[in-house]
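Below is query20.txt, holding compact mmCIF, C-alpha atoms.
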# COMPACT_ATOMS: atom_id res chain seq x y z
CA MET A 1 -17.98 3.33 4.88
CA LYS A 2 -16.36 2.74 8.26
CA ALA A 3 -12.70 1.67 8.49
CA SER A 4 -11.41 0.17 11.73
CA VAL A 5 -7.71 1.01 12.01
CA LEU A 6 -5.60 -1.20 14.29
CA PHE A 7 -4.05 1.42 16.53
CA SER A 8 -0.96 1.23 18.73
CA GLY A 9 -0.49 4.97 19.17
CA GLY A 10 2.66 4.70 17.02
CA LYS A 11 3.44 6.69 13.92
CA ASP A 12 2.57 4.01 11.37
CA SER A 13 -0.94 3.37 12.63
CA SER A 14 -1.49 7.11 13.17
CA LEU A 15 -0.36 7.93 9.64
CA SER A 16 -2.53 5.14 8.23
CA ALA A 17 -5.56 6.68 9.91
CA ILE A 18 -4.72 10.10 8.48
CA LEU A 19 -4.29 8.67 4.96
CA LEU A 20 -7.72 7.03 5.17
CA ASP A 21 -9.50 9.92 6.88
CA ARG A 22 -10.91 11.46 3.73
CA PHE A 23 -12.17 8.22 2.24
CA PHE A 24 -13.59 6.33 5.23
CA ASP A 25 -15.23 6.97 8.58
CA VAL A 26 -12.17 6.12 10.62
CA GLU A 27 -12.37 4.50 14.05
CA LEU A 28 -9.19 3.56 15.87
CA VAL A 29 -9.16 0.17 17.59
CA THR A 30 -6.57 -0.81 20.17
CA CYS A 31 -6.32 -4.50 21.03
CA SER A 32 -5.55 -5.25 24.66
CA PHE A 33 -5.43 -8.16 27.10
CA SER A 34 -6.01 -5.72 30.00
CA VAL A 35 -2.63 -6.60 31.51
CA LEU A 36 -1.60 -2.94 31.30
CA PRO A 37 -3.76 0.14 30.64
CA ILE A 38 -2.59 0.41 27.04
CA GLY A 39 -6.14 1.23 25.93
CA ASP A 40 -5.95 4.43 27.96
CA ILE A 41 -2.53 5.31 26.53
CA ALA A 42 -3.83 4.82 22.99
CA LYS A 43 -6.99 6.79 23.71
CA GLU A 44 -4.91 9.84 24.69
CA VAL A 45 -3.14 9.74 21.32
CA ALA A 46 -6.40 9.13 19.48
CA ASP A 47 -7.86 12.22 21.14
CA GLU A 48 -4.83 14.27 20.07
CA LEU A 49 -5.34 13.05 16.49
CA GLY A 50 -9.06 13.72 16.58
CA PHE A 51 -10.31 10.20 15.86
CA SER A 52 -12.89 8.10 17.66
CA HIS A 53 -11.32 5.22 19.56
CA ARG A 54 -12.27 1.97 21.22
CA VAL A 55 -10.50 -0.87 22.95
CA LEU A 56 -10.98 -4.44 21.75
CA LYS A 57 -10.45 -6.91 24.58
CA LEU A 58 -8.64 -9.98 23.30
CA ASP A 59 -9.10 -13.42 24.82
CA ASN A 60 -6.40 -14.06 27.44
CA GLU A 61 -5.87 -17.53 26.01
CA ILE A 62 -4.22 -15.78 23.06
CA LEU A 63 -1.72 -14.12 25.39
CA GLU A 64 -1.06 -17.42 27.19
CA ASN A 65 -0.35 -19.16 23.88
CA ALA A 66 1.90 -16.28 22.77
CA PHE A 67 3.77 -16.46 26.08
CA ASN A 68 4.43 -20.16 25.55
CA ILE A 69 5.59 -19.53 21.96
CA ILE A 70 8.00 -16.75 22.88
CA VAL A 71 9.53 -18.53 25.87
CA LYS A 72 10.10 -21.62 23.73
CA ASP A 73 11.46 -19.63 20.75
CA GLY A 74 13.61 -17.12 22.63
CA PHE A 75 12.72 -14.46 20.03
CA PRO A 76 9.52 -12.47 19.49
CA LYS A 77 8.59 -12.88 15.81
CA ASN A 78 6.29 -15.91 15.93
CA ALA A 79 4.53 -14.85 19.12
CA ILE A 80 3.86 -11.33 17.80
CA ASN A 81 2.62 -12.68 14.46
CA TYR A 82 0.36 -15.11 16.34
CA ILE A 83 -1.22 -12.35 18.43
CA HIS A 84 -1.64 -10.17 15.36
CA HIS A 85 -3.37 -12.89 13.39
CA LYS A 86 -5.76 -13.57 16.29
CA ALA A 87 -6.38 -9.83 16.77
CA VAL A 88 -7.34 -9.36 13.11
CA GLU A 89 -9.57 -12.46 13.31
CA THR A 90 -11.26 -11.10 16.43
CA LEU A 91 -11.86 -7.71 14.84
CA ALA A 92 -13.07 -9.26 11.58
CA SER A 93 -15.65 -11.35 13.43
CA ASP A 94 -17.33 -8.16 14.70
CA ASP A 95 -20.46 -7.72 12.57
CA ASP A 96 -20.05 -3.94 12.56
CA VAL A 97 -16.59 -4.14 10.99
CA ALA A 98 -16.38 -3.93 7.18
CA VAL A 99 -12.86 -2.61 6.57
CA ILE A 100 -9.82 -3.41 8.72
CA ALA A 101 -6.76 -1.23 8.21
CA ASP A 102 -3.29 -2.25 9.34
CA GLY A 103 -0.31 0.12 9.51
CA ILE A 104 2.42 -2.16 8.22
CA ARG A 105 5.02 -0.70 5.85
CA ARG A 106 6.84 -2.18 2.83
CA ASP A 107 9.91 -2.94 4.95
CA ASP A 108 8.12 -4.45 7.96
CA ARG A 109 8.65 -8.14 8.67
CA VAL A 110 6.69 -8.39 11.96
CA PRO A 111 3.77 -8.53 12.44
CA LEU A 112 2.79 -9.72 9.01
CA LEU A 113 -0.14 -11.76 7.75
CA THR A 114 0.52 -14.05 4.79
CA ASN A 115 -1.57 -13.59 1.66
CA PRO A 116 -3.46 -16.87 2.29
CA GLN A 117 -4.25 -15.69 5.83
CA ILE A 118 -5.52 -12.36 4.47
CA ARG A 119 -7.70 -13.98 1.79
CA SER A 120 -9.10 -16.45 4.30
CA ILE A 121 -10.08 -13.67 6.71
CA GLU A 122 -11.59 -11.56 3.91
CA ASP A 123 -13.60 -14.47 2.51
CA ARG A 124 -14.88 -15.91 5.79
CA HIS A 125 -15.82 -12.60 7.39
CA GLY A 126 -16.75 -10.54 4.31
CA VAL A 127 -14.35 -7.74 5.20
CA HIS A 128 -11.67 -5.79 3.34
CA TYR A 129 -8.24 -5.94 4.96
CA ILE A 130 -6.17 -2.99 3.76
CA CYS A 131 -2.66 -1.75 4.49
CA PRO A 132 -2.46 1.90 3.41
CA LEU A 133 1.32 2.06 3.98
CA LEU A 134 2.28 -1.27 2.44
CA GLY A 135 3.46 0.48 -0.72
CA TYR A 136 5.57 3.02 1.20
CA GLY A 137 9.21 2.55 2.21
CA ARG A 138 10.60 3.81 5.49
CA ALA A 139 11.89 7.08 4.01
CA ALA A 140 8.58 7.94 2.36
CA VAL A 141 6.73 7.21 5.61
CA ASN A 142 9.14 9.44 7.53
CA THR A 143 8.57 12.26 5.05
CA LEU A 144 4.81 12.10 5.65
CA VAL A 145 5.23 11.67 9.42
CA GLU A 146 7.29 14.88 9.56
CA GLN A 147 4.55 16.70 7.71
CA TYR A 148 1.55 15.44 9.64
CA LEU A 149 2.60 14.19 13.09
CA VAL A 150 4.46 15.46 16.14
CA ILE A 151 6.50 12.61 17.60
CA GLU A 152 9.10 11.95 20.28
CA GLU A 153 11.58 9.11 20.23
CA GLY A 154 13.27 7.01 22.89
CA GLN A 155 14.48 3.51 23.73
CA SER A 156 11.80 0.83 23.82
CA ASP A 157 12.05 0.56 27.63
CA ASP A 158 11.18 4.22 28.16
CA ILE A 159 8.18 4.54 25.84
CA ILE A 160 5.03 2.59 26.60
CA LYS A 161 3.26 1.83 23.37
CA ALA A 162 -0.17 0.32 23.02
CA ASP A 163 1.11 -2.61 20.98
CA TYR A 164 1.18 -6.38 21.45
CA GLU A 165 4.80 -6.30 22.57
CA THR A 166 4.06 -4.14 25.61
CA GLU A 167 1.73 -6.60 27.33
CA LEU A 168 3.79 -9.61 26.26
CA ARG A 169 6.87 -8.01 27.84
CA GLU A 170 4.89 -7.36 31.02
CA ILE A 171 3.84 -10.97 31.59
CA ILE A 172 7.39 -12.14 30.83
CA ARG A 173 8.62 -9.62 33.43
CA GLN A 174 6.07 -10.85 35.97
CA ARG A 175 6.67 -14.56 35.43
CA VAL A 176 10.29 -14.87 34.34
CA GLY A 177 11.98 -11.56 35.11
CA GLN A 178 13.43 -8.48 33.47
CA ASP A 179 16.61 -10.30 32.39
CA GLU A 180 14.57 -12.53 30.10
CA ILE A 181 12.97 -9.51 28.42
CA ASP A 182 16.38 -8.06 27.68
CA LYS A 183 17.43 -11.37 26.14
CA ILE A 184 14.31 -11.85 24.02
CA PHE A 185 13.63 -8.33 22.76
CA PRO A 186 16.30 -6.33 21.00
CA SER A 187 16.41 -2.77 22.30
CA HIS A 188 15.39 -0.34 19.59
CA VAL A 189 14.31 3.23 19.15
CA GLN A 190 10.56 3.60 19.58
CA SER A 191 8.49 6.61 18.69
CA ARG A 192 5.45 8.03 20.39
CA VAL A 193 2.95 10.27 18.66
CA ILE A 194 2.21 13.32 20.78
CA GLY A 195 0.23 15.41 18.33
CA ARG A 196 -0.94 16.17 14.84
CA VAL A 197 0.33 18.99 12.65
CA LYS A 198 -2.68 21.15 11.96
CA MET B 1 5.92 17.85 -2.17
CA LYS B 2 5.21 16.83 -5.74
CA ALA B 3 4.21 13.24 -6.58
CA SER B 4 4.46 12.03 -10.17
CA VAL B 5 1.81 9.36 -10.70
CA LEU B 6 2.37 6.91 -13.57
CA PHE B 7 -0.90 7.31 -15.41
CA SER B 8 -2.58 5.00 -17.93
CA GLY B 9 -6.05 6.51 -17.70
CA GLY B 10 -7.22 3.32 -16.00
CA LYS B 11 -8.97 3.02 -12.68
CA ASP B 12 -5.97 1.96 -10.61
CA SER B 13 -3.75 4.88 -11.57
CA SER B 14 -6.71 7.27 -11.33
CA LEU B 15 -7.60 6.06 -7.85
CA SER B 16 -3.95 6.25 -6.78
CA ALA B 17 -3.89 9.90 -7.79
CA ILE B 18 -7.08 10.60 -5.84
CA LEU B 19 -5.70 8.84 -2.73
CA LEU B 20 -2.56 11.01 -2.86
CA ASP B 21 -4.29 14.26 -3.78
CA ARG B 22 -4.53 15.63 -0.25
CA PHE B 23 -0.95 14.82 0.70
CA PHE B 24 1.05 15.67 -2.42
CA ASP B 25 0.99 18.03 -5.39
CA VAL B 26 -0.09 15.38 -7.87
CA GLU B 27 1.02 15.40 -11.52
CA LEU B 28 -0.02 12.60 -13.82
CA VAL B 29 2.68 11.24 -16.14
CA THR B 30 1.89 9.05 -19.12
CA CYS B 31 4.79 7.18 -20.70
CA SER B 32 4.66 6.85 -24.45
CA PHE B 33 6.79 5.77 -27.42
CA SER B 34 4.71 8.01 -29.71
CA VAL B 35 3.55 4.99 -31.72
CA LEU B 36 -0.07 5.89 -30.93
CA PRO B 37 -1.50 9.12 -29.47
CA ILE B 38 -1.94 7.57 -26.03
CA GLY B 39 -0.69 10.76 -24.41
CA ASP B 40 -3.74 12.58 -25.79
CA ILE B 41 -6.09 9.84 -24.60
CA ALA B 42 -4.61 10.02 -21.10
CA LYS B 43 -4.76 13.81 -21.08
CA GLU B 44 -8.51 13.74 -21.67
CA VAL B 45 -8.97 11.53 -18.61
CA ALA B 46 -6.58 13.66 -16.57
CA ASP B 47 -8.64 16.72 -17.45
CA GLU B 48 -11.82 14.94 -16.32
CA LEU B 49 -10.14 14.09 -13.02
CA GLY B 50 -8.80 17.61 -12.59
CA PHE B 51 -5.08 16.81 -12.41
CA SER B 52 -2.15 18.31 -14.29
CA HIS B 53 -0.73 15.92 -16.86
CA ARG B 54 2.35 15.45 -18.99
CA VAL B 55 3.66 12.86 -21.42
CA LEU B 56 7.07 11.30 -20.87
CA LYS B 57 8.59 10.17 -24.16
CA LEU B 58 10.42 6.88 -23.69
CA ASP B 59 13.42 5.88 -25.79
CA ASN B 60 12.28 3.76 -28.76
CA GLU B 61 15.13 1.33 -28.07
CA ILE B 62 13.08 0.22 -25.04
CA LEU B 63 10.13 -0.64 -27.28
CA GLU B 64 12.40 -2.49 -29.72
CA ASN B 65 13.86 -4.57 -26.90
CA ALA B 66 10.39 -5.27 -25.52
CA PHE B 67 9.20 -6.34 -28.98
CA ASN B 68 12.08 -8.82 -29.24
CA ILE B 69 11.34 -10.16 -25.75
CA ILE B 70 7.61 -10.67 -26.37
CA VAL B 71 8.03 -12.29 -29.79
CA LYS B 72 10.60 -14.69 -28.35
CA ASP B 73 8.51 -15.43 -25.23
CA GLY B 74 5.06 -15.65 -26.81
CA PHE B 75 3.55 -14.09 -23.66
CA PRO B 76 3.56 -10.50 -22.40
CA LYS B 77 4.81 -10.63 -18.79
CA ASN B 78 8.55 -10.13 -19.24
CA ALA B 79 8.20 -7.50 -21.97
CA ILE B 80 5.70 -5.46 -19.94
CA ASN B 81 7.85 -5.70 -16.81
CA TYR B 82 10.88 -4.62 -18.85
CA ILE B 83 9.13 -1.52 -20.20
CA HIS B 84 7.81 -0.67 -16.74
CA HIS B 85 11.25 -0.91 -15.15
CA LYS B 86 12.73 1.34 -17.83
CA ALA B 87 9.83 3.80 -17.53
CA VAL B 88 10.32 4.15 -13.77
CA GLU B 89 14.08 4.56 -14.31
CA THR B 90 13.46 7.26 -16.92
CA LEU B 91 11.06 9.14 -14.67
CA ALA B 92 13.35 8.78 -11.64
CA SER B 93 16.27 10.29 -13.56
CA ASP B 94 14.29 13.54 -14.01
CA ASP B 95 15.75 16.03 -11.50
CA ASP B 96 12.31 17.52 -10.83
CA VAL B 97 10.88 14.19 -9.72
CA ALA B 98 11.00 13.39 -5.99
CA VAL B 99 8.13 10.93 -5.52
CA ILE B 100 7.01 8.34 -8.10
CA ALA B 101 3.64 6.71 -7.52
CA ASP B 102 2.60 3.49 -9.20
CA GLY B 103 -0.97 2.16 -9.22
CA ILE B 104 -0.31 -1.56 -8.70
CA ARG B 105 -2.63 -3.48 -6.41
CA ARG B 106 -1.99 -6.33 -3.94
CA ASP B 107 -3.14 -8.92 -6.47
CA ASP B 108 -1.28 -7.57 -9.51
CA ARG B 109 1.50 -9.69 -10.96
CA VAL B 110 2.38 -7.53 -13.99
CA PRO B 111 3.96 -5.01 -14.16
CA LEU B 112 5.84 -5.44 -10.94
CA LEU B 113 9.22 -4.18 -9.79
CA THR B 114 11.14 -6.43 -7.42
CA ASN B 115 12.17 -5.03 -4.02
CA PRO B 116 15.87 -4.91 -5.07
CA GLN B 117 14.88 -2.98 -8.22
CA ILE B 118 12.86 -0.52 -6.12
CA ARG B 119 15.64 0.03 -3.57
CA SER B 120 18.20 0.48 -6.33
CA ILE B 121 16.09 3.15 -8.05
CA GLU B 122 15.37 4.94 -4.75
CA ASP B 123 19.03 4.94 -3.72
CA ARG B 124 20.55 5.95 -7.05
CA HIS B 125 18.05 8.67 -7.88
CA GLY B 126 17.13 9.90 -4.39
CA VAL B 127 13.41 9.40 -5.00
CA HIS B 128 10.59 7.73 -3.11
CA TYR B 129 8.76 5.04 -5.09
CA ILE B 130 5.32 4.50 -3.58
CA CYS B 131 2.37 2.26 -4.45
CA PRO B 132 -0.73 3.67 -2.72
CA LEU B 133 -2.87 0.65 -3.65
CA LEU B 134 -0.36 -2.11 -2.89
CA GLY B 135 -2.09 -2.84 0.41
CA TYR B 136 -5.56 -3.03 -1.21
CA GLY B 137 -7.16 -6.15 -2.67
CA ARG B 138 -9.31 -6.08 -5.77
CA ALA B 139 -12.59 -5.88 -3.85
CA ALA B 140 -11.42 -2.95 -1.72
CA VAL B 141 -10.22 -1.11 -4.83
CA ASN B 142 -13.56 -1.71 -6.54
CA THR B 143 -15.39 -0.30 -3.53
CA LEU B 144 -13.37 2.93 -3.73
CA VAL B 145 -13.65 3.08 -7.53
CA GLU B 146 -17.44 2.94 -7.27
CA GLN B 147 -17.37 5.81 -4.81
CA TYR B 148 -14.97 8.11 -6.63
CA LEU B 149 -14.84 7.26 -10.34
CA VAL B 150 -17.21 6.88 -13.26
CA ILE B 151 -15.99 4.02 -15.47
CA GLU B 152 -17.05 2.01 -18.49
CA GLU B 153 -15.94 -1.52 -19.24
CA GLY B 154 -15.33 -3.48 -22.44
CA GLN B 155 -13.06 -6.07 -24.06
CA SER B 156 -9.39 -5.10 -24.37
CA ASP B 157 -9.70 -4.68 -28.15
CA ASP B 158 -12.42 -2.05 -27.87
CA ILE B 159 -10.90 0.19 -25.23
CA ILE B 160 -7.70 2.06 -25.98
CA LYS B 161 -5.79 2.58 -22.79
CA ALA B 162 -2.69 4.69 -22.38
CA ASP B 163 -0.63 1.77 -21.09
CA TYR B 164 2.49 -0.04 -22.29
CA GLU B 165 0.42 -2.86 -23.75
CA THR B 166 -1.36 -0.60 -26.22
CA GLU B 167 1.76 0.50 -28.12
CA LEU B 168 3.37 -2.92 -27.87
CA ARG B 169 0.24 -4.47 -29.43
CA GLU B 170 0.38 -1.87 -32.21
CA ILE B 171 3.91 -2.65 -33.33
CA ILE B 172 3.16 -6.38 -33.20
CA ARG B 173 0.10 -5.68 -35.37
CA GLN B 174 2.19 -3.65 -37.82
CA ARG B 175 5.09 -6.10 -38.05
CA VAL B 176 3.59 -9.52 -37.43
CA GLY B 177 -0.18 -9.17 -37.75
CA GLN B 178 -3.39 -9.20 -35.72
CA ASP B 179 -3.34 -13.00 -35.35
CA GLU B 180 -0.15 -12.81 -33.32
CA ILE B 181 -1.71 -10.29 -30.93
CA ASP B 182 -4.63 -12.61 -30.30
CA LYS B 183 -2.16 -15.41 -29.56
CA ILE B 184 0.07 -13.41 -27.24
CA PHE B 185 -2.44 -11.33 -25.29
CA PRO B 186 -5.32 -12.95 -23.47
CA SER B 187 -8.54 -11.03 -24.07
CA HIS B 188 -9.78 -9.51 -20.84
CA VAL B 189 -12.23 -6.92 -19.63
CA GLN B 190 -10.65 -3.48 -19.57
CA SER B 191 -12.03 -0.42 -17.91
CA ARG B 192 -11.85 3.19 -18.94
CA VAL B 193 -12.29 6.07 -16.57
CA ILE B 194 -14.72 8.61 -17.97
CA GLY B 195 -15.22 10.88 -14.97
CA ARG B 196 -14.89 11.58 -11.29
CA VAL B 197 -17.69 11.48 -8.75
CA LYS B 198 -17.87 14.99 -7.37
Translate the structure of the given file into structure tokens.
Amino acid sequence: MKASVLFSGGKDSSLSAILLDRFFDVELVTCSFSVLPIGDIAKEVADELGFSHRVLKLDNEILENAFNIIVKDGFPKNAINYIHHKAVETLASDDDVAVIADGIRRDDRVPLLTNPQIRSIEDRHGVHYICPLLGYGRAAVNTLVEQYLVIEEGQSDDIIKADYETELREIIRQRVGQDEIDKIFPSHVQSRVIGRVK
Amino acid sequence: MKASVLFSGGKDSSLSAILLDRFFDVELVTCSFSVLPIGDIAKEVADELGFSHRVLKLDNEILENAFNIIVKDGFPKNAINYIHHKAVETLASDDDVAVIADGIRRDDRVPLLTNPQIRSIEDRHGVHYICPLLGYGRAAVNTLVEQYLVIEEGQSDDIIKADYETELREIIRQRVGQDEIDKIFPSHVQSRVIGRVK
């Protein structure tokens, strides 16, 4: 059975794919609004990991709505959750998709679907939505990452990830300016997957 | 790295072990108060699955406390959760244990550790507590079970599982009588793992 893993090129989605590799035909799916070439960035990582990869173009109306949410809120949580929900909906509506895998961990708070949202998506689209790392804490994930992935770390400004935040930051930069990004998004250490331990 | 999987011989703990098999040295651990030979029942299943297995004897004071809780409550939830918490604590205090795996699913309500309980156990004992199936709904678990396990199903009275409920039912039967068991425990379909799909 095929599993479509939502893929940002980060360690959580990479590790999720590796955990599922033996049990499903894994394809990595990167959602993009085509604002930045994040599909290409993710494809490079996918190639390093040895998984098939495709880009799912999301409707730009979703990005516009998320932009309005984040500018009104002044913090990213609701906008990121909104994009994530719409991304999972979009993927679930693909007739060739039977299993959607999401790399969220036990300690993650964003992006997070609620249980009613998950059940609604599963029931309406006839898919399984699974989170292989949901039962793993940060330390357990790091232990597996060290064993199976080669990563490099840096501040969020320096590392371009293929996640929702990257394109949302870009349109805020274009329309409002860099200062606004620094106000809205806390700077944090990001990781980039650069290879797989063979 | 070794992972100690809490093992009842049921499909959730069996599937958890299979999911972890490639990433950890899996040992199956069945907790028992030695009221019934559930360790032997679990060992038979473990042999079928091809995993090493051991029985962890739990302090009978735990069973006594659980008996008092369930007789007072008239329903099993708190007593089962109490035993489970103490079982995980007992396993975590073993110096040879680094990773504890628990087979609970997304939809399970009992037994369930709270996040503060989990963090406390991880911090005090220096272990990882992981739930490989926590991010899987019932339907997704069933799909994997069909692929990897051979099971048989029956009413809970007919199938002896190596879980906390089995020994708790037995001391209620001995001390209070069968009628009380039927009042306290709802009858439900149980499954027994009888083999692994090669």
## Note on the structure
Nearest to B:Phe23, restricted to all atoms listed in the file and choosing among A:Ser93, A:Ser120, A:Val145, A:Leu36, comes out as A:Val145
Counting only C-alpha atoms, what are the residues of chain A within 9 Å of chain B, and for each of them which pair of atoms is the nearest and at what distance in Å, to one decimal? Sort the table by chain and rising number, as JSON lines.
{"residue": "A:Leu19", "atom": "CA", "partner": "B:Leu19", "partner_atom": "CA", "distance": 7.8}
{"residue": "A:Leu20", "atom": "CA", "partner": "B:Leu19", "partner_atom": "CA", "distance": 8.4}
{"residue": "A:Arg22", "atom": "CA", "partner": "B:Arg22", "partner_atom": "CA", "distance": 8.6}
{"residue": "A:Phe23", "atom": "CA", "partner": "B:Leu144", "partner_atom": "CA", "distance": 8.1}
{"residue": "A:Val99", "atom": "CA", "partner": "B:Ala140", "partner_atom": "CA", "distance": 8.4}
{"residue": "A:Val127", "atom": "CA", "partner": "B:Ala140", "partner_atom": "CA", "distance": 8.9}
{"residue": "A:His128", "atom": "CA", "partner": "B:Ala140", "partner_atom": "CA", "distance": 5.8}
{"residue": "A:Tyr129", "atom": "CA", "partner": "B:Tyr136", "partner_atom": "CA", "distance": 7.3}
{"residue": "A:Ile130", "atom": "CA", "partner": "B:Tyr136", "partner_atom": "CA", "distance": 5.0}
{"residue": "A:Cys131", "atom": "CA", "partner": "B:Gly135", "partner_atom": "CA", "distance": 4.3}
{"residue": "A:Pro132", "atom": "CA", "partner": "B:Gly135", "partner_atom": "CA", "distance": 5.6}
{"residue": "A:Leu133", "atom": "CA", "partner": "B:Gly135", "partner_atom": "CA", "distance": 7.0}
{"residue": "A:Leu134", "atom": "CA", "partner": "B:Gly135", "partner_atom": "CA", "distance": 5.1}
{"residue": "A:Gly135", "atom": "CA", "partner": "B:Cys131", "partner_atom": "CA", "distance": 4.3}
{"residue": "A:Tyr136", "atom": "CA", "partner": "B:Ile130", "partner_atom": "CA", "distance": 5.0}
{"residue": "A:Gly137", "atom": "CA", "partner": "B:Ile130", "partner_atom": "CA", "distance": 7.2}
{"residue": "A:Ala139", "atom": "CA", "partner": "B:His128", "partner_atom": "CA", "distance": 7.3}
{"residue": "A:Ala140", "atom": "CA", "partner": "B:His128", "partner_atom": "CA", "distance": 5.8}
{"residue": "A:Leu144", "atom": "CA", "partner": "B:Phe23", "partner_atom": "CA", "distance": 8.1}
Take the residues just selected and output them with C-alpha atoms as a PDB file, in the frame of the given file.
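Listed below is the output, out_4.pdb:
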ATOM      1  CA  LEU A  19      -4.290   8.670   4.960  1.00  0.00           C
ATOM      2  CA  LEU A  20      -7.720   7.030   5.170  1.00  0.00           C
ATOM      3  CA  ARG A  22     -10.910  11.460   3.730  1.00  0.00           C
ATOM      4  CA  PHE A  23     -12.170   8.220   2.240  1.00  0.00           C
ATOM      5  CA  VAL A  99     -12.860  -2.610   6.570  1.00  0.00           C
ATOM      6  CA  VAL A 127     -14.350  -7.740   5.200  1.00  0.00           C
ATOM      7  CA  HIS A 128     -11.670  -5.790   3.340  1.00  0.00           C
ATOM      8  CA  TYR A 129      -8.240  -5.940   4.960  1.00  0.00           C
ATOM      9  CA  ILE A 130      -6.170  -2.990   3.760  1.00  0.00           C
ATOM     10  CA  CYS A 131      -2.660  -1.750   4.490  1.00  0.00           C
ATOM     11  CA  PRO A 132      -2.460   1.900   3.410  1.00  0.00           C
ATOM     12  CA  LEU A 133       1.320   2.060   3.980  1.00  0.00           C
ATOM     13  CA  LEU A 134       2.280  -1.270   2.440  1.00  0.00           C
ATOM     14  CA  GLY A 135       3.460   0.480  -0.720  1.00  0.00           C
ATOM     15  CA  TYR A 136       5.570   3.020   1.200  1.00  0.00           C
ATOM     16  CA  GLY A 137       9.210   2.550   2.210  1.00  0.00           C
ATOM     17  CA  ALA A 139      11.890   7.080   4.010  1.00  0.00           C
ATOM     18  CA  ALA A 140       8.580   7.940   2.360  1.00  0.00           C
ATOM     19  CA  LEU A 144       4.810  12.100   5.650  1.00  0.00           C
TER      20      LEU A 144
END
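For B:Arg196, the residues within 8 Å (counting only C-alpha atoms, excluding itself and residues fewer than 5 positions away along the chain) are B:Glu48, B:Leu49, B:Tyr148, B:Leu149, B:Val150.
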### Query
Which neighbours of A:Ile151 fall inside 9 Å, counting only C-alpha atoms, when residues of the same chain fewer than 3 positions from it are skipped, and could you give them as a PyMOL selection string?
chain A and resi 10-11+145-146+191-196
### Summary
Pairwise distance, atom CA of A:Lys2 with atom CA of B:Val197, equals 19.2 Å
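Look at stretch 70-78 of chain A: the protein and nucleic acid residues within 8 Å of it, using only C-alpha atoms and passing over chain neighbours fewer than 2 places away, are Ala66, Phe67, Asn68, Ile80, Asn81, Tyr82, Val110, Pro111, Lys183, Ile184 and Phe185 of chain A.
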### Summary
atom CA of B:Val97 to atom CA of B:Gly126 measures 9.3 Å
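Going from atom CA of A:Gln178 to atom CA of A:Ala42 covers 24.2 Å.
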### Query
From the set B:Leu112, B:Lys161, B:Asp182, B:Gln155, which residue has the shortest atom-to-atom contact distance to B:Ile38, counting only C-alpha atoms?
B:Lys161
Which centre and which edge lengths, in Å to one decimal, describe the axis-aligned box that holds all listed atoms of stretch 138-148 of chain A after 6 Å is added on each side, as JSON?
{"center_x": 6.7, "center_y": 10.3, "center_z": 6.0, "size_x": 22.3, "size_y": 24.9, "size_z": 19.3}
Since the input is missing atoms for stretch 73-84 of chain A, could you rebuild it with N, CA and C atoms and give the result as a PDB file, keeping the file's coordinate frame?
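Output below, filename out-v2.pdb:
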ATOM      1  N   ASP A  73      10.638 -20.115  21.869  1.00  0.00           N
ATOM      2  CA  ASP A  73      11.460 -19.630  20.750  1.00  0.00           C
ATOM      3  C   ASP A  73      12.702 -18.870  21.229  1.00  0.00           C
ATOM      4  N   GLY A  74      12.515 -18.009  22.232  1.00  0.00           N
ATOM      5  CA  GLY A  74      13.610 -17.120  22.630  1.00  0.00           C
ATOM      6  C   GLY A  74      13.727 -15.874  21.775  1.00  0.00           C
ATOM      7  N   PHE A  75      12.779 -15.685  20.839  1.00  0.00           N
ATOM      8  CA  PHE A  75      12.720 -14.460  20.030  1.00  0.00           C
ATOM      9  C   PHE A  75      11.249 -14.148  19.755  1.00  0.00           C
ATOM     10  N   PRO A  76      10.931 -12.869  19.465  1.00  0.00           N
ATOM     11  CA  PRO A  76       9.520 -12.470  19.490  1.00  0.00           C
ATOM     12  C   PRO A  76       8.683 -12.708  18.222  1.00  0.00           C
ATOM     13  N   LYS A  77       9.314 -12.929  17.086  1.00  0.00           N
ATOM     14  CA  LYS A  77       8.590 -12.880  15.810  1.00  0.00           C
ATOM     15  C   LYS A  77       7.316 -13.740  15.767  1.00  0.00           C
ATOM     16  N   ASN A  78       7.443 -15.023  16.071  1.00  0.00           N
ATOM     17  CA  ASN A  78       6.290 -15.910  15.930  1.00  0.00           C
ATOM     18  C   ASN A  78       5.164 -15.572  16.903  1.00  0.00           C
ATOM     19  N   ALA A  79       5.549 -15.186  18.119  1.00  0.00           N
ATOM     20  CA  ALA A  79       4.530 -14.850  19.120  1.00  0.00           C
ATOM     21  C   ALA A  79       3.772 -13.580  18.713  1.00  0.00           C
ATOM     22  N   ILE A  80       4.505 -12.588  18.218  1.00  0.00           N
ATOM     23  CA  ILE A  80       3.860 -11.330  17.800  1.00  0.00           C
ATOM     24  C   ILE A  80       2.955 -11.579  16.589  1.00  0.00           C
ATOM     25  N   ASN A  81       3.448 -12.354  15.633  1.00  0.00           N
ATOM     26  CA  ASN A  81       2.620 -12.680  14.460  1.00  0.00           C
ATOM     27  C   ASN A  81       1.359 -13.450  14.880  1.00  0.00           C
ATOM     28  N   TYR A  82       1.513 -14.344  15.851  1.00  0.00           N
ATOM     29  CA  TYR A  82       0.360 -15.110  16.340  1.00  0.00           C
ATOM     30  C   TYR A  82      -0.693 -14.184  16.942  1.00  0.00           C
ATOM     31  N   ILE A  83      -0.258 -13.280  17.820  1.00  0.00           N
ATOM     32  CA  ILE A  83      -1.220 -12.350  18.430  1.00  0.00           C
ATOM     33  C   ILE A  83      -1.897 -11.502  17.356  1.00  0.00           C
ATOM     34  N   HIS A  84      -1.097 -11.034  16.413  1.00  0.00           N
ATOM     35  CA  HIS A  84      -1.640 -10.170  15.360  1.00  0.00           C
ATOM     36  C   HIS A  84      -2.710 -10.881  14.551  1.00  0.00           C
TER      37      HIS A  84
END
